[in-house]
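Next comes upload_11.txt, a file with compact mmCIF, C-alpha atoms.
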# COMPACT_ATOMS: atom_id res chain seq x y z
CA MET A 1 97.92 117.95 93.49
CA LEU A 2 95.12 117.82 90.95
CA GLU A 3 97.63 118.21 88.14
CA ASP A 4 99.68 115.34 89.58
CA LYS A 5 96.61 113.10 89.73
CA PHE A 6 95.84 113.89 86.12
CA LEU A 7 99.46 113.31 85.07
CA VAL A 8 99.55 109.97 86.86
CA TRP A 9 96.21 108.99 85.29
CA ARG A 10 97.57 109.78 81.84
CA MET A 11 100.89 108.09 82.46
CA LYS A 12 99.12 104.93 83.58
CA ARG A 13 97.60 104.89 80.10
CA GLY A 14 101.02 105.17 78.53
CA SER A 15 101.25 108.92 77.89
CA ARG A 16 104.84 109.92 77.12
CA GLU A 17 104.00 113.62 77.56
CA ALA A 18 102.75 112.99 81.08
CA LEU A 19 105.96 111.18 81.99
CA CYS A 20 108.04 114.05 80.53
CA ARG A 21 106.08 116.55 82.60
CA ILE A 22 106.47 114.58 85.83
CA TYR A 23 110.17 114.17 85.16
CA GLU A 24 110.71 117.87 84.41
CA LYS A 25 108.65 118.90 87.40
CA TYR A 26 110.38 116.84 90.08
CA ARG A 27 113.80 115.97 88.66
CA ASP A 28 115.83 118.76 90.27
CA ASP A 29 114.05 118.51 93.63
CA LEU A 30 114.73 114.78 93.77
CA LEU A 31 118.35 115.21 92.74
CA ARG A 32 118.87 117.81 95.48
CA LEU A 33 117.23 115.47 97.98
CA ALA A 34 119.29 112.49 96.89
CA ILE A 35 122.56 114.42 97.05
CA SER A 36 121.71 115.73 100.51
CA LEU A 37 120.95 112.21 101.71
CA SER A 38 123.84 110.38 100.11
CA SER A 39 126.56 113.05 99.84
CA ASP A 40 127.52 111.33 96.62
CA THR A 41 126.42 112.56 93.21
CA THR A 42 126.79 109.19 91.49
CA THR A 43 124.64 107.41 94.07
CA ALA A 44 122.16 110.29 93.95
CA GLU A 45 121.85 110.18 90.15
CA ASP A 46 121.36 106.40 90.21
CA ALA A 47 118.77 106.64 92.97
CA VAL A 48 116.72 109.27 91.15
CA GLN A 49 116.80 107.44 87.83
CA ASP A 50 115.95 104.18 89.57
CA ALA A 51 113.05 105.80 91.43
CA PHE A 52 111.55 107.04 88.17
CA ALA A 53 112.09 103.67 86.50
CA THR A 54 110.39 101.85 89.38
CA PHE A 55 107.53 104.34 89.23
CA ILE A 56 107.07 103.53 85.54
CA ARG A 57 107.26 99.77 86.04
CA GLY A 58 104.73 99.82 88.86
CA ARG A 59 102.41 102.38 87.32
CA GLU A 60 99.49 99.97 86.93
CA ARG A 61 99.32 99.26 90.64
CA PHE A 62 100.15 102.82 91.66
CA GLU A 63 97.43 104.79 93.45
CA LEU A 64 98.19 108.39 94.35
CA THR A 65 96.96 108.91 97.91
CA GLY A 66 99.28 111.70 99.07
CA SER A 67 101.58 113.95 97.08
CA LEU A 68 103.47 112.60 94.10
CA LYS A 69 106.61 114.42 95.20
CA GLY A 70 106.35 112.77 98.60
CA TYR A 71 105.98 109.36 96.99
CA LEU A 72 109.00 109.87 94.74
CA ALA A 73 111.00 111.32 97.64
CA THR A 74 110.24 108.18 99.66
CA CYS A 75 111.40 106.02 96.74
CA VAL A 76 114.65 107.97 96.54
CA ALA A 77 115.18 107.80 100.31
CA ASN A 78 114.67 104.02 100.28
CA ARG A 79 117.17 103.62 97.46
CA ILE A 80 119.75 105.72 99.25
CA ARG A 81 119.27 103.60 102.36
CA ASN A 82 119.73 100.42 100.36
CA ALA A 83 122.83 101.84 98.70
CA ARG A 84 124.23 102.79 102.10
CA ARG A 85 123.52 99.32 103.41
CA ASP A 86 125.11 97.71 100.37
CA ARG A 87 128.23 99.80 100.51
CA ARG A 88 128.55 99.65 104.26
CA SER A 89 130.35 102.87 103.81
CA HIS A 90 131.64 104.66 106.82
CA ALA A 91 133.41 107.38 104.99
CA SER A 92 134.97 110.06 107.10
CA LEU A 93 133.58 113.55 107.05
CA ASP A 94 136.40 114.80 104.90
CA GLU A 95 135.86 112.03 102.39
CA ALA A 96 132.14 112.79 102.28
CA ARG A 97 132.84 116.44 101.71
CA GLN A 98 135.27 115.57 98.93
CA MET A 99 132.72 113.28 97.27
CA VAL A 100 130.31 116.09 96.57
CA SER A 101 132.77 118.60 95.28
CA ASP A 102 135.64 116.71 93.65
CA SER A 103 134.15 113.62 92.11
CA ARG A 104 132.97 115.31 88.95
CA ARG A 105 133.03 113.18 85.87
CA PRO A 106 132.89 114.33 82.27
CA ASP A 107 129.38 112.88 81.86
CA GLN A 108 128.13 114.14 85.21
CA TRP A 109 124.44 114.86 85.41
CA VAL A 110 124.44 117.26 88.34
CA VAL A 111 126.61 120.16 89.43
CA CYS A 112 125.93 121.49 92.93
CA SER A 113 126.09 125.15 93.85
CA GLU A 114 128.52 126.19 96.57
CA GLU A 115 125.63 126.73 98.95
CA LEU A 116 124.35 123.22 98.39
CA GLU A 117 127.83 121.82 98.94
CA ARG A 118 128.05 123.64 102.27
CA ILE A 119 124.63 122.36 103.29
CA VAL A 120 125.46 118.79 102.30
CA ALA A 121 128.71 119.01 104.25
CA ALA A 122 126.76 120.17 107.32
CA LEU A 123 124.08 117.49 106.86
CA THR A 124 126.78 114.83 106.60
CA ARG A 125 127.78 115.60 110.18
CA LEU A 126 124.32 114.70 111.47
CA PRO A 127 123.28 111.19 112.48
CA TYR A 128 121.60 109.66 109.40
CA GLU A 129 118.10 109.63 110.95
CA GLN A 130 118.29 113.37 111.63
CA ARG A 131 119.67 114.08 108.20
CA GLU A 132 116.85 112.07 106.66
CA VAL A 133 114.14 113.92 108.60
CA VAL A 134 115.58 117.37 107.81
CA THR A 135 116.04 116.53 104.15
CA LEU A 136 112.70 114.83 103.59
CA ARG A 137 110.89 117.63 105.38
CA LEU A 138 112.58 120.58 103.71
CA GLN A 139 113.51 119.19 100.31
CA GLY A 140 110.95 116.41 99.90
CA GLY A 141 108.04 118.45 101.27
CA MET A 142 106.87 115.48 103.34
CA LYS A 143 104.79 115.67 106.50
CA PHE A 144 106.28 114.58 109.82
CA ARG A 145 103.69 111.81 110.00
CA GLU A 146 104.86 110.43 106.66
CA ILE A 147 108.51 110.67 107.64
CA ALA A 148 107.75 108.95 110.94
CA GLU A 149 106.07 106.11 109.04
CA LEU A 150 109.10 105.76 106.80
CA GLN A 151 111.44 105.68 109.77
CA GLN A 152 109.03 103.52 111.79
CA VAL A 153 109.12 105.83 114.78
CA PRO A 154 106.47 107.96 116.54
CA THR A 155 105.74 111.34 114.97
CA LYS A 156 107.10 113.10 118.05
CA THR A 157 110.45 111.40 117.57
CA ALA A 158 110.59 112.55 113.95
CA LEU A 159 109.77 116.08 115.06
CA SER A 160 112.41 115.98 117.75
CA ARG A 161 114.99 114.69 115.26
CA TYR A 162 114.08 117.50 112.92
CA ARG A 163 114.49 120.24 115.52
CA CYS A 164 117.73 118.83 116.77
CA GLY A 165 119.14 118.28 113.28
CA LEU A 166 118.15 121.70 112.04
CA GLN A 167 119.65 123.37 115.09
CA LYS A 168 122.91 121.57 114.46
CA VAL A 169 122.93 122.47 110.76
CA ARG A 170 122.35 126.08 111.71
CA SER A 171 125.23 126.01 114.16
CA LEU A 172 127.51 124.40 111.60
CA LEU A 173 126.59 126.84 108.88
CA ASN A 174 126.99 129.75 111.27
CA GLY A 175 130.38 128.47 112.31
CA GLU A 176 129.33 127.20 115.72
CA VAL A 177 129.51 123.68 117.09
CA THR A 178 126.81 122.01 119.16
CA ARG A 179 126.32 118.49 120.34
CA CYS A 180 122.99 116.78 119.73
CA ASP A 181 123.35 113.12 118.81
CA ARG A 182 119.84 111.83 119.49
CA MET B 183 124.17 134.69 111.96
CA ARG B 184 121.31 133.13 110.07
CA SER B 185 118.05 132.32 111.78
CA LEU B 186 116.42 128.89 111.73
CA ARG B 187 113.90 130.18 109.21
CA GLU B 188 116.69 131.26 106.87
CA ILE B 189 118.45 127.93 107.29
CA GLU B 190 115.24 126.11 106.44
CA LYS B 191 114.86 128.21 103.32
CA SER B 192 118.50 127.62 102.30
CA VAL B 193 118.24 123.86 102.74
CA ALA B 194 114.95 123.73 100.85
CA LYS B 195 116.01 125.87 97.93
CA ALA B 196 119.77 125.37 97.56
CA SER B 197 120.33 125.44 93.84
CA LEU B 198 121.90 122.83 91.65
CA HIS B 199 122.45 122.63 87.94
CA SER B 200 121.55 119.55 85.97
CA ASP B 201 123.14 119.09 82.58
CA ASP B 202 120.62 119.38 79.72
CA ALA B 203 122.17 116.61 77.64
CA ALA B 204 122.25 114.26 80.63
CA ASN B 205 118.66 115.19 81.47
CA GLN B 206 117.56 114.32 77.96
CA LYS B 207 119.49 111.06 77.99
CA VAL B 208 117.89 109.96 81.26
CA LEU B 209 114.47 111.00 79.98
CA ASN B 210 114.98 109.00 76.79
CA ASP B 211 115.90 105.95 78.87
CA LEU B 212 112.75 106.40 80.93
CA LEU B 213 110.59 106.79 77.82
CA THR B 214 112.11 103.60 76.39
CA GLU B 215 111.28 101.89 79.67
CA LEU B 216 107.71 103.18 79.44
CA ASP B 217 107.39 101.88 75.87
CA GLN B 218 108.72 98.49 76.87
CA VAL B 219 106.34 98.22 79.79
CA GLN B 220 103.51 99.32 77.52
CA GLN B 221 104.36 96.71 74.88
CA GLY B 222 104.87 94.01 77.48
CA ALA B 223 101.30 94.39 78.73
CA PRO B 224 99.27 96.11 76.03
CA ASN B 225 95.93 95.37 77.63
CA GLY B 226 97.26 95.02 81.11
CA PHE B 227 95.45 98.05 82.39
CA ARG B 228 92.07 96.89 81.14
CA SER B 229 92.55 93.21 81.87
CA LYS B 230 93.07 93.95 85.54
CA TRP B 231 89.74 95.64 86.03
CA SER B 232 88.81 93.21 88.75
CA GLU B 233 91.98 94.13 90.61
CA SER B 234 91.06 97.76 90.20
CA ILE B 235 87.62 97.12 91.67
CA GLY B 236 89.24 95.51 94.65
CA ARG B 237 91.32 98.62 95.35
CA ARG B 238 88.79 101.43 95.01
CA ARG B 239 86.48 101.87 97.96
CA LEU B 240 83.54 103.38 96.12
CA VAL B 241 83.63 100.81 93.33
CA LYS B 242 83.89 98.10 95.96
CA LEU B 243 80.77 99.36 97.71
CA ALA B 244 78.86 99.66 94.43
CA ALA B 245 79.83 96.13 93.44
CA ALA B 246 78.73 94.77 96.82
CA ALA B 247 75.39 96.61 96.53
CA ALA B 248 74.85 95.25 93.01
CA ILE B 249 75.56 91.70 94.19
CA LEU B 250 73.09 92.08 97.07
CA VAL B 251 70.36 93.43 94.78
CA ILE B 252 70.86 90.61 92.28
CA ALA B 253 70.79 88.04 95.09
CA ALA B 254 67.59 89.54 96.51
CA LEU B 255 65.90 89.48 93.11
CA LEU B 256 66.91 85.86 92.53
CA ILE B 257 65.62 84.82 95.97
CA ASP B 258 62.40 86.71 95.34
CA HIS B 259 61.94 85.00 92.00
CA TYR B 260 62.75 81.41 92.97
CA VAL B 261 62.02 81.05 96.67
CA ARG B 262 58.87 83.13 97.25
CA PRO B 263 55.62 81.10 97.00
CA GLU B 264 53.62 81.72 93.89
CA THR B 265 51.10 84.48 94.38
CA VAL B 266 48.63 86.22 92.19
CA ARG B 267 50.46 88.84 90.18
CA PRO B 268 48.59 92.01 89.33
CA GLY B 269 47.55 92.24 85.73
CA SER B 270 47.85 88.55 85.11
CA GLU B 271 44.95 86.57 83.67
CA LEU B 272 44.53 84.65 86.90
CA GLY B 273 44.33 87.86 88.87
CA THR B 274 41.66 89.36 86.69
CA GLU B 275 39.58 86.22 86.85
CA ALA B 276 39.92 86.06 90.60
CA ARG B 277 38.75 89.64 90.93
CA VAL B 278 35.78 89.08 88.66
CA GLU B 279 34.81 86.04 90.68
CA THR B 280 35.08 88.03 93.88
CA VAL B 281 32.88 90.71 92.40
CA ASN B 282 30.38 88.13 91.35
CA ALA B 283 30.29 86.14 94.51
CA ILE B 284 30.60 88.63 97.32
CA GLY B 285 30.91 92.17 96.16
CA LEU B 286 27.79 92.33 94.06
CA SER B 287 25.74 90.54 96.67
CA LEU B 288 26.80 92.88 99.43
CA ALA B 289 26.40 95.93 97.22
CA TYR B 290 22.87 94.92 96.26
CA ARG B 291 21.93 94.52 99.91
CA ARG B 292 23.48 97.86 100.76
CA GLY B 293 22.12 100.09 98.00
CA GLY B 294 20.32 98.18 95.33
CA MET B 295 21.24 98.33 91.67
CA GLU B 296 23.03 101.68 91.91
CA ALA B 297 25.46 100.27 94.45
CA VAL B 298 25.97 97.24 92.22
CA GLU B 299 26.82 99.54 89.33
CA GLN B 300 29.31 101.50 91.42
CA GLN B 301 30.97 98.34 92.71
CA TYR B 302 31.13 96.99 89.19
CA LEU B 303 32.87 100.11 87.82
CA LYS B 304 35.21 100.38 90.82
CA THR B 305 36.37 96.82 90.44
CA PHE B 306 37.20 97.18 86.77
CA LYS B 307 38.87 100.53 87.43
CA ASN B 308 41.15 98.94 90.06
CA SER B 309 42.05 96.07 87.77
CA LYS B 310 42.81 98.59 84.99
CA SER B 311 40.77 96.59 82.52
CA ARG B 312 37.69 97.74 80.69
CA PRO B 313 34.45 95.75 80.59
CA THR B 314 33.76 94.47 77.13
CA ARG B 315 30.07 94.03 77.91
CA LEU B 316 27.43 96.66 78.59
CA SER B 317 27.23 98.25 82.01
CA VAL B 318 24.50 97.18 84.44
CA GLU B 319 22.71 100.49 83.97
CA GLU B 320 22.63 100.04 80.20
CA LEU B 321 21.38 96.49 80.62
CA LEU B 322 18.59 97.69 82.93
CA THR B 323 17.63 100.45 80.52
CA GLU B 324 17.53 97.99 77.67
CA LEU B 325 15.46 95.52 79.69
CA THR B 326 13.04 98.26 80.78
CA GLU B 327 12.56 99.46 77.21
CA ASN B 328 11.99 95.88 76.02
CA GLY B 329 9.48 95.35 78.85
CA ASP B 330 7.62 98.57 77.97
CA SER B 331 7.41 97.71 74.32

Once more with this new file: its structure as structure tokens, please.
Amino acid sequence: MLEDKFLVWRMKRGSREALCRIYEKYRDDLLRLAISLSSDTTTAEDAVQDAFATFIRGRERFELTGSLKGYLATCVANRIRNARRDRRSHASLDEARQMVSDSRRPDQWVVCSEELERIVAALTRLPYEQREVVTLRLQGGMKFREIAELQQVPTKTALSRYRCGLQKVRSLLNGEVTRCDR
Amino acid sequence: MRSLREIEKSVAKASLHSDDAANQKVLNDLLTELDQVQQGAPNGFRSKWSESIGRRRLVKLAAAAAILVIAALLIDHYVRPETVRPGSELGTEARVETVNAIGLSLAYRRGGMEAVEQQYLKTFKNSKSRPTRLSVEELLTELTENGDS
């Protein structure tokens, strides 16, 4: 936290080293988060790069009040939402599963492990709000209060979505099937 | 069968590999962006100090306090009726006159010349100025000696 404040302070004064450190520190976490949210590596890569670029452009006005990772995770989540809205994609589960594993390009930035692919496939079967809560909580390290603010719902609702979503992911990964669509 | 705790750990820490060359390329793009932003507003950070003051709570409070103090000093200086300021020439004169007119008279009635001497020294001590003339006691001594001779 203190290191992040110092890095942000230096980056606001144009320090390239500080930007490199922030990028190295949070890049993989944000990519994992973006892939889990979007199920699409291309969208995920764009969202992460765009989040960093926006962070740089708005650095003068930026004030670190919570965690830097949480801030960047929120940026990524907003970009994924916008991308989803723009695409209006309603890809089927099979298509979503295929996107993660088979859409590799020669210049691809990210390669997922098999475990991550399984998790993303399970997350894809959740309603988006549940997927967002589970992902932001576990991969973005955000508090339920922060997630609730992002989703504009009470904290209890975010917590309920998390429990329900995680239970379903567990069932899917363990080969069971449950129904919880709240 | 994995427990919820294990699932949480798996979701949080599922590994992925990011290509080093692609990482470097993205980082270079971001550094270019940083340079461009920096060149676009070289003094932007400093020139927006007032904006910065508006955002920080402590600085805001300090600025408000400073404004209040300045306003109070200005009001004190321009609005308050003119009074005798300690140490000023007018003040010293006023005190000397007071000593002459009332203090010495009362002191003489109370305790004679000794009381006059004490009042005289006390007054000059309070006004933090030193008498350039002789003290009353010295004057009396001088007069007595002159009378005797």

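By only C-alpha atoms, and with residues fewer than 3 positions from Val134 (chain A) along its chain excluded, the set lying at most 10 Å from it is Ser36, Leu37, Leu123, Leu126, Tyr128, Glu129, Gln130, Arg131, Arg137, Leu138, Gln139, Gly140, Met142, Phe144, Ile147, Ala158, Leu159, Arg161, Tyr162, Arg163, Cys164, Gly165, Leu166 and Val169 of chain A; Glu190, Val193 and Ala194 of chain B.
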
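Atom pair CA of Val120 (chain A) / CA of Ser39 (chain A) has a distance of 6.3 Å (rounded to one decimal).
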
### Query
Any idea which chain A residues end up within 8 Å of chain B if we count only C-alpha atoms, as an MDAnalysis selection string please?
chainID A and resid 12:14 16 19:20 23 28 32 49 52:53 56:57 60 107:113 115:116 119 135 138:139 166:167 169:170 174

### Query
Could you work out how far CA of Ser67 (chain A) lies from CA of Ala34 (chain A), giving the answer in Å with one decimal?
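These two atoms are separated by 17.8 Å.
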
### Query
Quick one, how far is CA of Lys5 (chain A) from CA of Asn82 (chain A)?
28.4 Å

Step by step, gather every atom of region 210-220 of chain B that the file lists, find the box along x, y and z that holds them, add 8 Å on each side, and finally give centre and edge lengths in Å to one decimal, as AutoDock Vina command-line options.
--center_x 109.7 --center_y 103.6 --center_z 78.4 --size_x 28.4 --size_y 26.8 --size_z 21.1

### Task
Go through A:Met11, A:Ala44, A:Leu64, A:Ala121 and flag the residue nearest Leu173 (chain A), using only C-alpha atoms for the distances.
A:Ala121

### Query
What lies within 7 Å of region 71-77 of chain A using only C-alpha atoms, ignoring chain neighbours under 3 positions off, as a list in words?
Leu30, Ala34, Ala47, Val48, Ala51, Ser67, Leu68, Ile80, Arg81 and Gly140 of chain A
